[in-house]
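S.K.: Okay, so here is my_file_24.pdb, and as you'll see once you scroll down, it has PDB, C-alpha atoms.
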ATOM      1  CA  MET A   1      21.848  -3.265   7.041
ATOM      2  CA  ASN A   2      20.359  -6.241   8.904
ATOM      3  CA  THR A   3      20.192  -9.163   6.447
ATOM      4  CA  LYS A   4      17.608 -11.152   8.436
ATOM      5  CA  TRP A   5      15.269  -8.414   9.548
ATOM      6  CA  THR A   6      12.150  -9.814  11.278
ATOM      7  CA  ALA A   7       9.132  -8.564  13.214
ATOM      8  CA  ALA A   8      11.309  -8.710  16.321
ATOM      9  CA  ASP A   9      13.313  -5.816  14.858
ATOM     10  CA  VAL A  10      10.299  -3.458  14.789
ATOM     11  CA  PRO A  11      11.095  -0.699  17.299
ATOM     12  CA  ASP A  12       8.697   0.232  20.083
ATOM     13  CA  GLN A  13       5.696   1.982  18.507
ATOM     14  CA  THR A  14       4.097   3.309  21.684
ATOM     15  CA  GLY A  15       2.355   6.620  21.085
ATOM     16  CA  ARG A  16       2.361   6.277  17.300
ATOM     17  CA  VAL A  17      -0.756   6.186  15.136
ATOM     18  CA  ALA A  18      -0.751   3.876  12.096
ATOM     19  CA  VAL A  19      -3.481   3.872   9.440
ATOM     20  CA  ILE A  20      -3.453   0.733   7.267
ATOM     21  CA  THR A  21      -5.763   0.159   4.322
ATOM     22  CA  GLY A  22      -7.009  -3.355   3.625
ATOM     23  CA  ALA A  23      -5.948  -4.473   7.091
ATOM     24  CA  ASN A  24      -8.581  -7.130   7.717
ATOM     25  CA  THR A  25      -6.720  -9.908   5.909
ATOM     26  CA  GLY A  26      -3.396 -10.977   4.383
ATOM     27  CA  ILE A  27      -0.401  -8.649   4.366
ATOM     28  CA  GLY A  28      -2.365  -5.747   5.837
ATOM     29  CA  TYR A  29      -3.620  -7.804   8.758
ATOM     30  CA  GLU A  30      -0.165  -9.149   9.585
ATOM     31  CA  THR A  31       1.281  -5.633   9.401
ATOM     32  CA  ALA A  32      -1.428  -4.297  11.705
ATOM     33  CA  ALA A  33      -0.986  -7.137  14.195
ATOM     34  CA  VAL A  34       2.754  -6.516  14.549
ATOM     35  CA  LEU A  35       2.404  -2.741  14.900
ATOM     36  CA  ALA A  36      -0.346  -3.149  17.508
ATOM     37  CA  ARG A  37       1.752  -5.670  19.401
ATOM     38  CA  ARG A  38       4.606  -3.175  19.446
ATOM     39  CA  GLY A  39       2.365  -0.500  20.973
ATOM     40  CA  ALA A  40       0.952   1.533  18.064
ATOM     41  CA  HIS A  41      -2.637   2.665  17.910
ATOM     42  CA  VAL A  42      -3.703   1.012  14.662
ATOM     43  CA  VAL A  43      -6.601   2.070  12.452
ATOM     44  CA  LEU A  44      -7.848  -0.727  10.204
ATOM     45  CA  ALA A  45      -9.234   1.106   7.161
ATOM     46  CA  VAL A  46     -11.375  -1.546   5.474
ATOM     47  CA  ARG A  47     -14.249  -1.859   3.050
ATOM     48  CA  ASP A  48     -16.171  -4.448   5.085
ATOM     49  CA  ILE A  49     -16.770  -3.278   8.667
ATOM     50  CA  ASP A  50     -17.747  -6.741   9.928
ATOM     51  CA  LYS A  51     -14.519  -8.258   8.627
ATOM     52  CA  GLY A  52     -12.614  -5.335  10.093
ATOM     53  CA  GLU A  53     -14.180  -5.836  13.508
ATOM     54  CA  HIS A  54     -13.343  -9.545  13.352
ATOM     55  CA  ALA A  55      -9.721  -8.716  12.478
ATOM     56  CA  ALA A  56      -9.541  -6.209  15.344
ATOM     57  CA  ALA A  57     -10.886  -8.840  17.748
ATOM     58  CA  ARG A  58      -8.246 -11.335  16.608
ATOM     59  CA  ILE A  59      -5.474  -8.779  17.147
ATOM     60  CA  THR A  60      -6.664  -7.820  20.632
ATOM     61  CA  ALA A  61      -7.187 -11.473  21.583
ATOM     62  CA  ALA A  62      -3.538 -12.163  20.731
ATOM     63  CA  SER A  63      -2.240  -8.967  22.385
ATOM     64  CA  SER A  64      -4.353  -7.818  25.314
ATOM     65  CA  HIS A  65      -2.803  -4.336  25.308
ATOM     66  CA  ALA A  66      -3.444  -3.789  21.572
ATOM     67  CA  ASP A  67      -5.206  -0.539  20.690
ATOM     68  CA  VAL A  68      -7.113  -1.052  17.438
ATOM     69  CA  ALA A  69      -9.894   0.904  15.723
ATOM     70  CA  VAL A  70     -11.860   0.162  12.558
ATOM     71  CA  GLN A  71     -12.723   2.711   9.876
ATOM     72  CA  GLN A  72     -14.899   2.017   6.844
ATOM     73  CA  LEU A  73     -13.101   2.830   3.585
ATOM     74  CA  ASP A  74     -14.054   1.912   0.024
ATOM     75  CA  LEU A  75     -11.212   2.893  -2.289
ATOM     76  CA  THR A  76     -13.482   2.507  -5.319
ATOM     77  CA  SER A  77     -15.462   5.557  -4.190
ATOM     78  CA  LEU A  78     -13.928   9.011  -3.818
ATOM     79  CA  ALA A  79     -16.893   9.970  -1.632
ATOM     80  CA  SER A  80     -16.039   7.104   0.722
ATOM     81  CA  VAL A  81     -12.352   8.073   0.687
ATOM     82  CA  THR A  82     -13.247  11.654   1.639
ATOM     83  CA  ALA A  83     -15.592  10.532   4.419
ATOM     84  CA  ALA A  84     -12.983   8.114   5.805
ATOM     85  CA  ALA A  85     -10.250  10.757   5.723
ATOM     86  CA  ASP A  86     -12.502  13.227   7.548
ATOM     87  CA  ALA A  87     -13.320  10.646  10.234
ATOM     88  CA  ILE A  88      -9.684   9.621  10.681
ATOM     89  CA  LYS A  89      -8.524  13.231  10.984
ATOM     90  CA  ALA A  90     -11.280  14.047  13.479
ATOM     91  CA  ALA A  91     -10.193  11.129  15.673
ATOM     92  CA  HIS A  92      -6.435  11.554  15.224
ATOM     93  CA  PRO A  93      -4.832  15.013  15.238
ATOM     94  CA  ARG A  94      -1.519  13.335  14.335
ATOM     95  CA  ILE A  95      -0.742  10.378  12.084
ATOM     96  CA  ASP A  96       2.677   8.720  12.153
ATOM     97  CA  LEU A  97       2.208   6.024   9.523
ATOM     98  CA  LEU A  98      -0.039   5.672   6.508
ATOM     99  CA  ILE A  99       0.353   2.273   4.882
ATOM    100  CA  ASN A 100      -1.396   2.096   1.507
ATOM    101  CA  ASN A 101      -1.803  -1.670   1.381
ATOM    102  CA  ALA A 102      -5.268  -2.495   0.042
ATOM    103  CA  GLY A 103      -5.614  -3.608  -3.536
ATOM    104  CA  VAL A 104      -7.204  -5.811  -6.149
ATOM    105  CA  MET A 105      -5.438  -8.072  -8.619
ATOM    106  CA  MET A 106      -6.318  -9.167 -12.147
ATOM    107  CA  THR A 107     -10.030  -8.463 -11.812
ATOM    108  CA  PRO A 108     -12.416  -8.795 -14.756
ATOM    109  CA  LYS A 109     -13.020  -5.512 -16.543
ATOM    110  CA  GLY A 110     -14.889  -3.086 -14.339
ATOM    111  CA  SER A 111     -15.062   0.506 -13.193
ATOM    112  CA  THR A 112     -15.036   2.317  -9.873
ATOM    113  CA  GLU A 113     -17.928   4.483  -8.736
ATOM    114  CA  ASP A 114     -16.129   7.454 -10.288
ATOM    115  CA  GLY A 115     -15.519   5.795 -13.650
ATOM    116  CA  PHE A 116     -11.870   4.749 -13.312
ATOM    117  CA  GLU A 117     -10.691   1.354 -14.528
ATOM    118  CA  LEU A 118     -11.173  -0.824 -11.441
ATOM    119  CA  GLN A 119      -7.587  -1.865 -10.730
ATOM    120  CA  LEU A 120      -6.016   1.548 -11.372
ATOM    121  CA  GLY A 121      -8.869   3.245  -9.545
ATOM    122  CA  THR A 122      -8.571   1.053  -6.454
ATOM    123  CA  ASN A 123      -4.830   0.549  -6.271
ATOM    124  CA  HIS A 124      -3.719   4.036  -7.290
ATOM    125  CA  PHE A 125      -6.392   6.745  -7.501
ATOM    126  CA  GLY A 126      -8.084   5.747  -4.224
ATOM    127  CA  HIS A 127      -4.784   5.770  -2.355
ATOM    128  CA  PHE A 128      -3.661   8.972  -4.069
ATOM    129  CA  ALA A 129      -6.787  10.721  -2.802
ATOM    130  CA  LEU A 130      -6.555   9.249   0.698
ATOM    131  CA  THR A 131      -2.906  10.212   1.099
ATOM    132  CA  GLY A 132      -3.513  13.756  -0.080
ATOM    133  CA  LEU A 133      -6.445  14.192   2.296
ATOM    134  CA  LEU A 134      -4.524  12.841   5.310
ATOM    135  CA  LEU A 135      -1.148  14.412   4.577
ATOM    136  CA  ASP A 136      -1.651  17.560   6.629
ATOM    137  CA  HIS A 137      -1.886  15.325   9.724
ATOM    138  CA  LEU A 138       1.407  13.599   8.836
ATOM    139  CA  LEU A 139       3.516  16.595   7.834
ATOM    140  CA  PRO A 140       3.954  18.050  11.351
ATOM    141  CA  VAL A 141       5.011  14.667  12.805
ATOM    142  CA  ASP A 142       8.718  13.884  13.075
ATOM    143  CA  GLY A 143       9.515  10.535  11.473
ATOM    144  CA  SER A 144       6.137  10.148   9.779
ATOM    145  CA  ARG A 145       5.984   7.928   6.700
ATOM    146  CA  VAL A 146       3.738   7.073   3.771
ATOM    147  CA  VAL A 147       4.367   3.464   2.741
ATOM    148  CA  THR A 148       2.756   2.259  -0.485
ATOM    149  CA  ILE A 149       2.654  -1.413  -1.412
ATOM    150  CA  SER A 150       3.588  -2.242  -4.988
ATOM    151  CA  SER A 151       4.293  -5.650  -6.526
ATOM    152  CA  LEU A 152       6.663  -7.599  -8.711
ATOM    153  CA  GLY A 153       3.810  -7.204 -11.171
ATOM    154  CA  HIS A 154       4.912  -3.627 -11.831
ATOM    155  CA  ARG A 155       7.438  -5.135 -14.272
ATOM    156  CA  ILE A 156       4.986  -7.375 -16.131
ATOM    157  CA  ARG A 157       3.617  -5.822 -19.327
ATOM    158  CA  ALA A 158       3.277  -2.607 -17.362
ATOM    159  CA  SER A 159       2.834   0.608 -19.280
ATOM    160  CA  ILE A 160       0.611   3.623 -18.867
ATOM    161  CA  ASN A 161      -1.289   4.790 -21.908
ATOM    162  CA  PHE A 162      -1.467   8.568 -21.706
ATOM    163  CA  ASP A 163      -4.631   8.539 -23.809
ATOM    164  CA  ASP A 164      -6.526   5.674 -22.202
ATOM    165  CA  LEU A 165      -6.388   5.685 -18.399
ATOM    166  CA  ARG A 166      -9.888   4.196 -18.283
ATOM    167  CA  ALA A 167      -8.862   1.197 -20.452
ATOM    168  CA  GLY A 168     -11.640   1.854 -22.923
ATOM    169  CA  LEU A 169      -9.541   0.754 -25.902
ATOM    170  CA  GLY A 170      -9.219  -2.825 -24.708
ATOM    171  CA  TYR A 171      -8.708  -4.608 -21.420
ATOM    172  CA  ASP A 172      -6.106  -7.116 -20.316
ATOM    173  CA  ARG A 173      -6.405  -7.894 -16.628
ATOM    174  CA  ALA A 174      -2.723  -8.784 -16.125
ATOM    175  CA  ALA A 175      -1.509  -5.668 -17.929
ATOM    176  CA  ALA A 176      -4.006  -3.537 -15.986
ATOM    177  CA  TYR A 177      -2.697  -4.942 -12.713
ATOM    178  CA  GLY A 178       0.899  -4.249 -13.729
ATOM    179  CA  ARG A 179      -0.054  -0.712 -14.687
ATOM    180  CA  SER A 180      -1.655  -0.057 -11.301
ATOM    181  CA  LYS A 181       1.401  -1.364  -9.448
ATOM    182  CA  LEU A 182       3.702   0.732 -11.626
ATOM    183  CA  ALA A 183       1.516   3.706 -10.708
ATOM    184  CA  ASN A 184       2.108   2.962  -7.003
ATOM    185  CA  LEU A 185       5.843   3.405  -7.538
ATOM    186  CA  LEU A 186       5.562   6.466  -9.771
ATOM    187  CA  PHE A 187       3.385   8.000  -7.041
ATOM    188  CA  THR A 188       5.862   7.136  -4.266
ATOM    189  CA  TYR A 189       8.864   8.602  -6.044
ATOM    190  CA  GLU A 190       7.089  11.813  -7.042
ATOM    191  CA  LEU A 191       5.650  12.224  -3.532
ATOM    192  CA  GLN A 192       9.127  11.818  -2.060
ATOM    193  CA  ARG A 193      10.527  14.419  -4.453
ATOM    194  CA  LEU A 194       7.850  16.916  -3.420
ATOM    195  CA  LEU A 195       8.388  16.186   0.277
ATOM    196  CA  ALA A 196      12.152  16.572  -0.067
ATOM    197  CA  ASP A 197      11.726  19.865  -1.913
ATOM    198  CA  LYS A 198       9.814  21.164   1.112
ATOM    199  CA  ALA A 199      12.307  19.660   3.594
ATOM    200  CA  ALA A 200       9.332  17.860   5.123
ATOM    201  CA  ARG A 201       9.461  15.654   8.204
ATOM    202  CA  THR A 202       7.517  12.998   6.285
ATOM    203  CA  ILE A 203       9.059  10.513   3.847
ATOM    204  CA  ALA A 204       7.500   8.306   1.165
ATOM    205  CA  VAL A 205       8.673   4.695   0.816
ATOM    206  CA  ALA A 206       7.506   1.665  -1.180
ATOM    207  CA  ALA A 207       7.546  -2.070  -0.530
ATOM    208  CA  HIS A 208       6.376  -5.301  -2.108
ATOM    209  CA  PRO A 209       5.598  -8.688  -0.509
ATOM    210  CA  GLY A 210       7.022 -10.974  -3.188
ATOM    211  CA  GLY A 211       5.005 -14.152  -3.572
ATOM    212  CA  SER A 212       2.764 -14.488  -0.538
ATOM    213  CA  ARG A 213      -0.162 -16.721   0.301
ATOM    214  CA  THR A 214      -3.077 -14.292   0.571
ATOM    215  CA  GLU A 215      -6.555 -13.802  -0.885
ATOM    216  CA  LEU A 216      -5.286 -11.279  -3.428
ATOM    217  CA  GLY A 217      -5.270 -13.762  -6.290
ATOM    218  CA  ARG A 218      -8.919 -14.752  -5.915
ATOM    219  CA  ASN A 219      -9.919 -12.737  -9.017
ATOM    220  CA  ALA A 220      -7.067 -13.975 -11.198
ATOM    221  CA  PRO A 221      -7.819 -16.047 -14.327
ATOM    222  CA  THR A 222      -8.104 -19.802 -13.815
ATOM    223  CA  TRP A 223      -4.701 -20.507 -15.405
ATOM    224  CA  VAL A 224      -3.035 -18.096 -12.986
ATOM    225  CA  ARG A 225      -4.745 -19.654  -9.942
ATOM    226  CA  ILE A 226      -3.752 -23.149 -11.100
ATOM    227  CA  GLY A 227      -0.167 -21.996 -11.541
ATOM    228  CA  MET A 228      -0.176 -20.440  -8.085
ATOM    229  CA  THR A 229      -1.445 -23.703  -6.614
ATOM    230  CA  VAL A 230       1.260 -25.751  -8.355
ATOM    231  CA  VAL A 231       4.256 -23.518  -7.609
ATOM    232  CA  GLY A 232       2.929 -21.970  -4.431
ATOM    233  CA  PRO A 233       4.558 -24.366  -1.949
ATOM    234  CA  LEU A 234       7.973 -23.666  -3.499
ATOM    235  CA  MET A 235       7.711 -19.994  -4.452
ATOM    236  CA  PHE A 236       5.241 -18.427  -2.043
ATOM    237  CA  GLN A 237       5.776 -17.544   1.605
ATOM    238  CA  SER A 238       3.378 -16.837   4.441
ATOM    239  CA  ALA A 239       1.499 -13.576   4.730
ATOM    240  CA  ALA A 240       3.488 -12.875   7.903
ATOM    241  CA  MET A 241       6.745 -13.073   5.925
ATOM    242  CA  GLY A 242       5.190 -11.077   3.099
ATOM    243  CA  ALA A 243       4.383  -8.282   5.555
ATOM    244  CA  LEU A 244       8.018  -7.816   6.576
ATOM    245  CA  PRO A 245       9.012  -5.486   3.701
ATOM    246  CA  ALA A 246       6.137  -3.154   4.592
ATOM    247  CA  LEU A 247       7.025  -3.306   8.282
ATOM    248  CA  ARG A 248      10.662  -2.545   7.551
ATOM    249  CA  ALA A 249       9.750   0.337   5.258
ATOM    250  CA  ALA A 250       7.438   1.690   7.960
ATOM    251  CA  THR A 251       9.648   1.333  11.025
ATOM    252  CA  ASP A 252      13.346   0.699  10.369
ATOM    253  CA  PRO A 253      15.245   3.844  11.458
ATOM    254  CA  GLN A 254      17.722   3.323   8.604
ATOM    255  CA  VAL A 255      15.070   3.652   5.889
ATOM    256  CA  ARG A 256      15.290   6.737   3.690
ATOM    257  CA  GLY A 257      12.686   8.420   1.516
ATOM    258  CA  GLY A 258      12.281   7.027  -1.990
ATOM    259  CA  GLN A 259      13.557   3.550  -1.114
ATOM    260  CA  TYR A 260      11.865   0.289  -2.106
ATOM    261  CA  TYR A 261      11.881  -2.883   0.010
ATOM    262  CA  GLY A 262      11.136  -6.477  -0.964
ATOM    263  CA  PRO A 263      12.129 -10.086  -0.210
ATOM    264  CA  SER A 264      15.762 -11.054  -0.579
ATOM    265  CA  HIS A 265      15.666 -14.457  -2.350
ATOM    266  CA  LEU A 266      14.316 -16.310  -5.396
ATOM    267  CA  ALA A 267      14.143 -13.215  -7.586
ATOM    268  CA  GLU A 268      12.434 -11.329  -4.746
ATOM    269  CA  GLN A 269       9.733 -13.972  -4.394
ATOM    270  CA  ARG A 270      10.496 -14.805  -0.774
ATOM    271  CA  GLY A 271      12.931 -14.196   2.064
ATOM    272  CA  TYR A 272      13.759 -11.503   4.584
ATOM    273  CA  PRO A 273      13.236  -7.881   3.494
ATOM    274  CA  ARG A 274      16.000  -5.833   1.958
ATOM    275  CA  LEU A 275      16.467  -2.773  -0.196
ATOM    276  CA  VAL A 276      15.559  -3.666  -3.814
ATOM    277  CA  GLN A 277      15.346  -1.881  -7.156
ATOM    278  CA  SER A 278      12.254  -1.138  -9.220
ATOM    279  CA  SER A 279      11.983  -0.968 -13.001
ATOM    280  CA  ALA A 280      13.456   1.762 -15.167
ATOM    281  CA  ALA A 281       9.927   2.830 -16.103
ATOM    282  CA  SER A 282       9.118   3.566 -12.455
ATOM    283  CA  HIS A 283      11.994   6.085 -12.365
ATOM    284  CA  ASP A 284      10.788   8.001 -15.430
ATOM    285  CA  GLU A 285      10.485  11.493 -13.948
ATOM    286  CA  GLU A 286       8.372  12.807 -16.804
ATOM    287  CA  LEU A 287       5.908   9.958 -16.307
ATOM    288  CA  GLN A 288       5.893  10.557 -12.538
ATOM    289  CA  ARG A 289       5.009  14.221 -12.983
ATOM    290  CA  TRP A 290       2.413  13.478 -15.655
ATOM    291  CA  LEU A 291       0.651  10.830 -13.550
ATOM    292  CA  TRP A 292       0.671  13.171 -10.555
ATOM    293  CA  ALA A 293      -0.988  15.949 -12.527
ATOM    294  CA  VAL A 294      -3.577  13.562 -13.953
ATOM    295  CA  SER A 295      -4.249  12.135 -10.495
ATOM    296  CA  GLU A 296      -4.877  15.555  -8.970
ATOM    297  CA  GLN A 297      -7.143  16.483 -11.845
ATOM    298  CA  SER A 298      -9.012  13.145 -11.789
ATOM    299  CA  THR A 299      -9.557  12.956  -8.018
ATOM    300  CA  GLY A 300      -9.929  16.649  -7.264
ATOM    301  CA  VAL A 301      -7.386  16.247  -4.447
ATOM    302  CA  THR A 302      -4.525  18.749  -4.344
ATOM    303  CA  TYR A 303      -1.630  18.052  -1.989
ATOM    304  CA  PRO A 304      -0.562  20.629   0.648
ATOM    305  CA  LEU A 305       3.005  20.736  -0.705
TER
END
Translate the structure described by the file into structure tokens.

M.R.:
Amino acid sequence: MNTKWTAADVPDQTGRVAVITGANTGIGYETAAVLARRGAHVVLAVRDIDKGEHAAARITAASSHADVAVQQLDLTSLASVTAAADAIKAAHPRIDLLINNAGVMMTPKGSTEDGFELQLGTNHFGHFALTGLLLDHLLPVDGSRVVTISSLGHRIRASINFDDLRAGLGYDRAAAYGRSKLANLLFTYELQRLLADKAARTIAVAAHPGGSRTELGRNAPTWVRIGMTVVGPLMFQSAAMGALPALRAATDPQVRGGQYYGPSHLAEQRGYPRLVQSSAASHDEELQRWLWAVSEQSTGVTYPL
């Protein structure tokens, strides 16, 4: 496989529809900009409409032919997820790419509108519901993909307490973040298994950006933000570089379902995207199936598989 894969390697996307969550800034914005430049119709699914419109204007200003739409989506509200999915499906009979990119990191203890722990609710349950609601518009499309963005954090103190998904027994923001990113991978692998069992045209893939300079760390504890400032120039890369694993997972013809892409150097902190390996915990099939069942029960969304 190409060892220095860049945005220039993204194939022509003309005629394809890409839905990207959290696409008004950071990794999501850079991903959207490249796909729009390569001809895709891109839907920026964002919580803040004004910021989404500003991002869309920046993309079209840079690429006059870009075709970009904005859809309001608040992943902390299942009602908002349902409304957004309905609007997207009404506007787009087919969807080629769903990129589950939006997320929060190391937030203070909080809950979503539906009572989930904030990080797990936003990063996993919201995307689980959105994917399930949109999947019937992906399944008939040859080459369609669901790409979910995880993190190196899925290895850090990450475990899922079967008895305490709402983190009521104690809250550690770093551990909660790791848990949510582990959930992203468990979800991807179980989704791919279900798709493969049905011989579906759609595949599920995961990616992570390594260390990238984005706004994601704004809620991190002070000591984490100081550390990021000190080591950032050496360890962190631009958001444009951080978007490459997602772009490769979404568009490289050689990608296969169930794969995981991340940066190639400095312990996956930076570099060009390549196939990488996730933790042993993420490949626990019993945990994958258990989280899937809990997610369907918790969100009320059942997949058409």

S.K.: Quick one: residues within 8 Å of A:Val19, all atoms listed in the file counted, chain neighbours fewer than 4 positions away excluded, as a list in words?

M.R.: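 In the requested form, the answer reads Val42, Val43, Leu44, Ala45, Ile95, Leu97, Leu98 and Ile99 of chain A.
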
S.K.: Just give me the residues with any atom within 8 Å of (2.0, -13.1, 2.4), file coordinates, counting all atoms listed in the file, written as a list in words.

M.R.: Gly26, Ile27, Pro209, Gly210, Gly211, Ser212, Arg213, Thr214, Phe236, Gln237, Ser238, Ala239, Ala240, Met241, Gly242 and Ala243 of chain A

S.K.: Counting all atoms listed in the file, figure out which residue out of A:Pro273, A:Gly126, A:Pro253, A:Pro304 gets nearest to A:Ala7.

M.R.: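 The closest residue to A:Ala7 is A:Pro273.
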
S.K.: Report as a PDB file with C-alpha atoms, in the coordinates of the input the residues that result from applying the PyMOL selection byres ((chain A and resi 284-291) around 12) to the structure here.

M.R.:
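Final output, saved to selection_9.pdb:
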ATOM      1  CA  LEU A 120      -6.016   1.548 -11.372  1.00  0.00           C
ATOM      2  CA  HIS A 124      -3.719   4.036  -7.290  1.00  0.00           C
ATOM      3  CA  PHE A 125      -6.392   6.745  -7.501  1.00  0.00           C
ATOM      4  CA  PHE A 128      -3.661   8.972  -4.069  1.00  0.00           C
ATOM      5  CA  SER A 159       2.834   0.608 -19.280  1.00  0.00           C
ATOM      6  CA  ILE A 160       0.611   3.623 -18.867  1.00  0.00           C
ATOM      7  CA  ASN A 161      -1.289   4.790 -21.908  1.00  0.00           C
ATOM      8  CA  PHE A 162      -1.467   8.568 -21.706  1.00  0.00           C
ATOM      9  CA  ASP A 163      -4.631   8.539 -23.809  1.00  0.00           C
ATOM     10  CA  LEU A 165      -6.388   5.685 -18.399  1.00  0.00           C
ATOM     11  CA  ARG A 179      -0.054  -0.712 -14.687  1.00  0.00           C
ATOM     12  CA  SER A 180      -1.655  -0.057 -11.301  1.00  0.00           C
ATOM     13  CA  LEU A 182       3.702   0.732 -11.626  1.00  0.00           C
ATOM     14  CA  ALA A 183       1.516   3.706 -10.708  1.00  0.00           C
ATOM     15  CA  ASN A 184       2.108   2.962  -7.003  1.00  0.00           C
ATOM     16  CA  LEU A 185       5.843   3.405  -7.538  1.00  0.00           C
ATOM     17  CA  LEU A 186       5.562   6.466  -9.771  1.00  0.00           C
ATOM     18  CA  PHE A 187       3.385   8.000  -7.041  1.00  0.00           C
ATOM     19  CA  THR A 188       5.862   7.136  -4.266  1.00  0.00           C
ATOM     20  CA  TYR A 189       8.864   8.602  -6.044  1.00  0.00           C
ATOM     21  CA  GLU A 190       7.089  11.813  -7.042  1.00  0.00           C
ATOM     22  CA  LEU A 191       5.650  12.224  -3.532  1.00  0.00           C
ATOM     23  CA  GLN A 192       9.127  11.818  -2.060  1.00  0.00           C
ATOM     24  CA  ARG A 193      10.527  14.419  -4.453  1.00  0.00           C
ATOM     25  CA  LEU A 194       7.850  16.916  -3.420  1.00  0.00           C
ATOM     26  CA  SER A 278      12.254  -1.138  -9.220  1.00  0.00           C
ATOM     27  CA  SER A 279      11.983  -0.968 -13.001  1.00  0.00           C
ATOM     28  CA  ALA A 280      13.456   1.762 -15.167  1.00  0.00           C
ATOM     29  CA  ALA A 281       9.927   2.830 -16.103  1.00  0.00           C
ATOM     30  CA  SER A 282       9.118   3.566 -12.455  1.00  0.00           C
ATOM     31  CA  HIS A 283      11.994   6.085 -12.365  1.00  0.00           C
ATOM     32  CA  TRP A 292       0.671  13.171 -10.555  1.00  0.00           C
ATOM     33  CA  ALA A 293      -0.988  15.949 -12.527  1.00  0.00           C
ATOM     34  CA  VAL A 294      -3.577  13.562 -13.953  1.00  0.00           C
ATOM     35  CA  SER A 295      -4.249  12.135 -10.495  1.00  0.00           C
ATOM     36  CA  GLU A 296      -4.877  15.555  -8.970  1.00  0.00           C
ATOM     37  CA  GLN A 297      -7.143  16.483 -11.845  1.00  0.00           C
ATOM     38  CA  SER A 298      -9.012  13.145 -11.789  1.00  0.00           C
ATOM     39  CA  THR A 299      -9.557  12.956  -8.018  1.00  0.00           C
TER      40      THR A 299
END

S.K.: Run the PyMOL selection byres ((chain A and resi 39) around 10) on the file and write out the hits as a list of chain:residue names.

M.R.: A:Pro11, A:Asp12, A:Gln13, A:Thr14, A:Gly15, A:Arg16, A:Val17, A:Val34, A:Leu35, A:Ala36, A:Arg37, A:Arg38, A:Ala40, A:His41, A:Val42, A:Ser63, A:His65, A:Ala66, A:Asp67

S.K.: Would you put the residues from that selection into a file with C-alpha atoms, as a PDB file, keeping the file's coordinate frame?

M.R.:
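Final output, saved to selection_24.pdb:
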ATOM      1  CA  PRO A  11      11.095  -0.699  17.299  1.00  0.00           C
ATOM      2  CA  ASP A  12       8.697   0.232  20.083  1.00  0.00           C
ATOM      3  CA  GLN A  13       5.696   1.982  18.507  1.00  0.00           C
ATOM      4  CA  THR A  14       4.097   3.309  21.684  1.00  0.00           C
ATOM      5  CA  GLY A  15       2.355   6.620  21.085  1.00  0.00           C
ATOM      6  CA  ARG A  16       2.361   6.277  17.300  1.00  0.00           C
ATOM      7  CA  VAL A  17      -0.756   6.186  15.136  1.00  0.00           C
ATOM      8  CA  VAL A  34       2.754  -6.516  14.549  1.00  0.00           C
ATOM      9  CA  LEU A  35       2.404  -2.741  14.900  1.00  0.00           C
ATOM     10  CA  ALA A  36      -0.346  -3.149  17.508  1.00  0.00           C
ATOM     11  CA  ARG A  37       1.752  -5.670  19.401  1.00  0.00           C
ATOM     12  CA  ARG A  38       4.606  -3.175  19.446  1.00  0.00           C
ATOM     13  CA  ALA A  40       0.952   1.533  18.064  1.00  0.00           C
ATOM     14  CA  HIS A  41      -2.637   2.665  17.910  1.00  0.00           C
ATOM     15  CA  VAL A  42      -3.703   1.012  14.662  1.00  0.00           C
ATOM     16  CA  SER A  63      -2.240  -8.967  22.385  1.00  0.00           C
ATOM     17  CA  HIS A  65      -2.803  -4.336  25.308  1.00  0.00           C
ATOM     18  CA  ALA A  66      -3.444  -3.789  21.572  1.00  0.00           C
ATOM     19  CA  ASP A  67      -5.206  -0.539  20.690  1.00  0.00           C
TER      20      ASP A  67
END

S.K.: Give me, please, the distance in Å between atom CA of A:Leu118 and atom CA of A:Asp74, quoted to one decimal.

M.R.: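 So the answer is 12.1 Å.
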
S.K.: Which polymer residues have any atom within 12 Å of an atom of stretch 115-117 of chain A, counting all atoms listed in the file, with same-chain residues fewer than 5 positions away left out, as a PyMOL selection string?

M.R.: chain A and resi 75-78+104+106-110+122-126+164-173+176-177+179-180+295+298-299

S.K.: Could you tell me how far atom CA of A:Ala57 sits from atom CA of A:Ala206, in Å to one decimal place?

M.R.: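 We find that atom CA of A:Ala206 and atom CA of A:Ala57 lie 28.4 Å from each other.
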
S.K.: Expand the PyMOL selection byres ((chain A and resi 86) around 12) into the explicit residue set it covers here, and present it as a PyMOL selection string.

M.R.: chain A and resi 71-73+79-85+87-93+130-137

S.K.: Would you pick out the contacts of A:Leu275 at 8 Å or less, using only C-alpha atoms, so that residues sharing its chain but fewer than 6 positions from it are not included, and give the list as a VMD selection string?

M.R.: chain A and resid 259 to 262

S.K.: Write out, as a PDB file, in the frame of the given file, the residues just selected, with C-alpha atoms.

M.R.:
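For reference, again-v7.pdb as written:
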ATOM      1  CA  GLN A 259      13.557   3.550  -1.114  1.00  0.00           C
ATOM      2  CA  TYR A 260      11.865   0.289  -2.106  1.00  0.00           C
ATOM      3  CA  TYR A 261      11.881  -2.883   0.010  1.00  0.00           C
ATOM      4  CA  GLY A 262      11.136  -6.477  -0.964  1.00  0.00           C
TER       5      GLY A 262
END

S.K.: Return the single residue from A:Val46, A:Ala175, A:Ala61, A:Ala249 that is closest to A:Ala204, with distances computed using only C-alpha atoms.

M.R.: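 Among the listed residues, the smallest separation from A:Ala204 belongs to A:Ala249.
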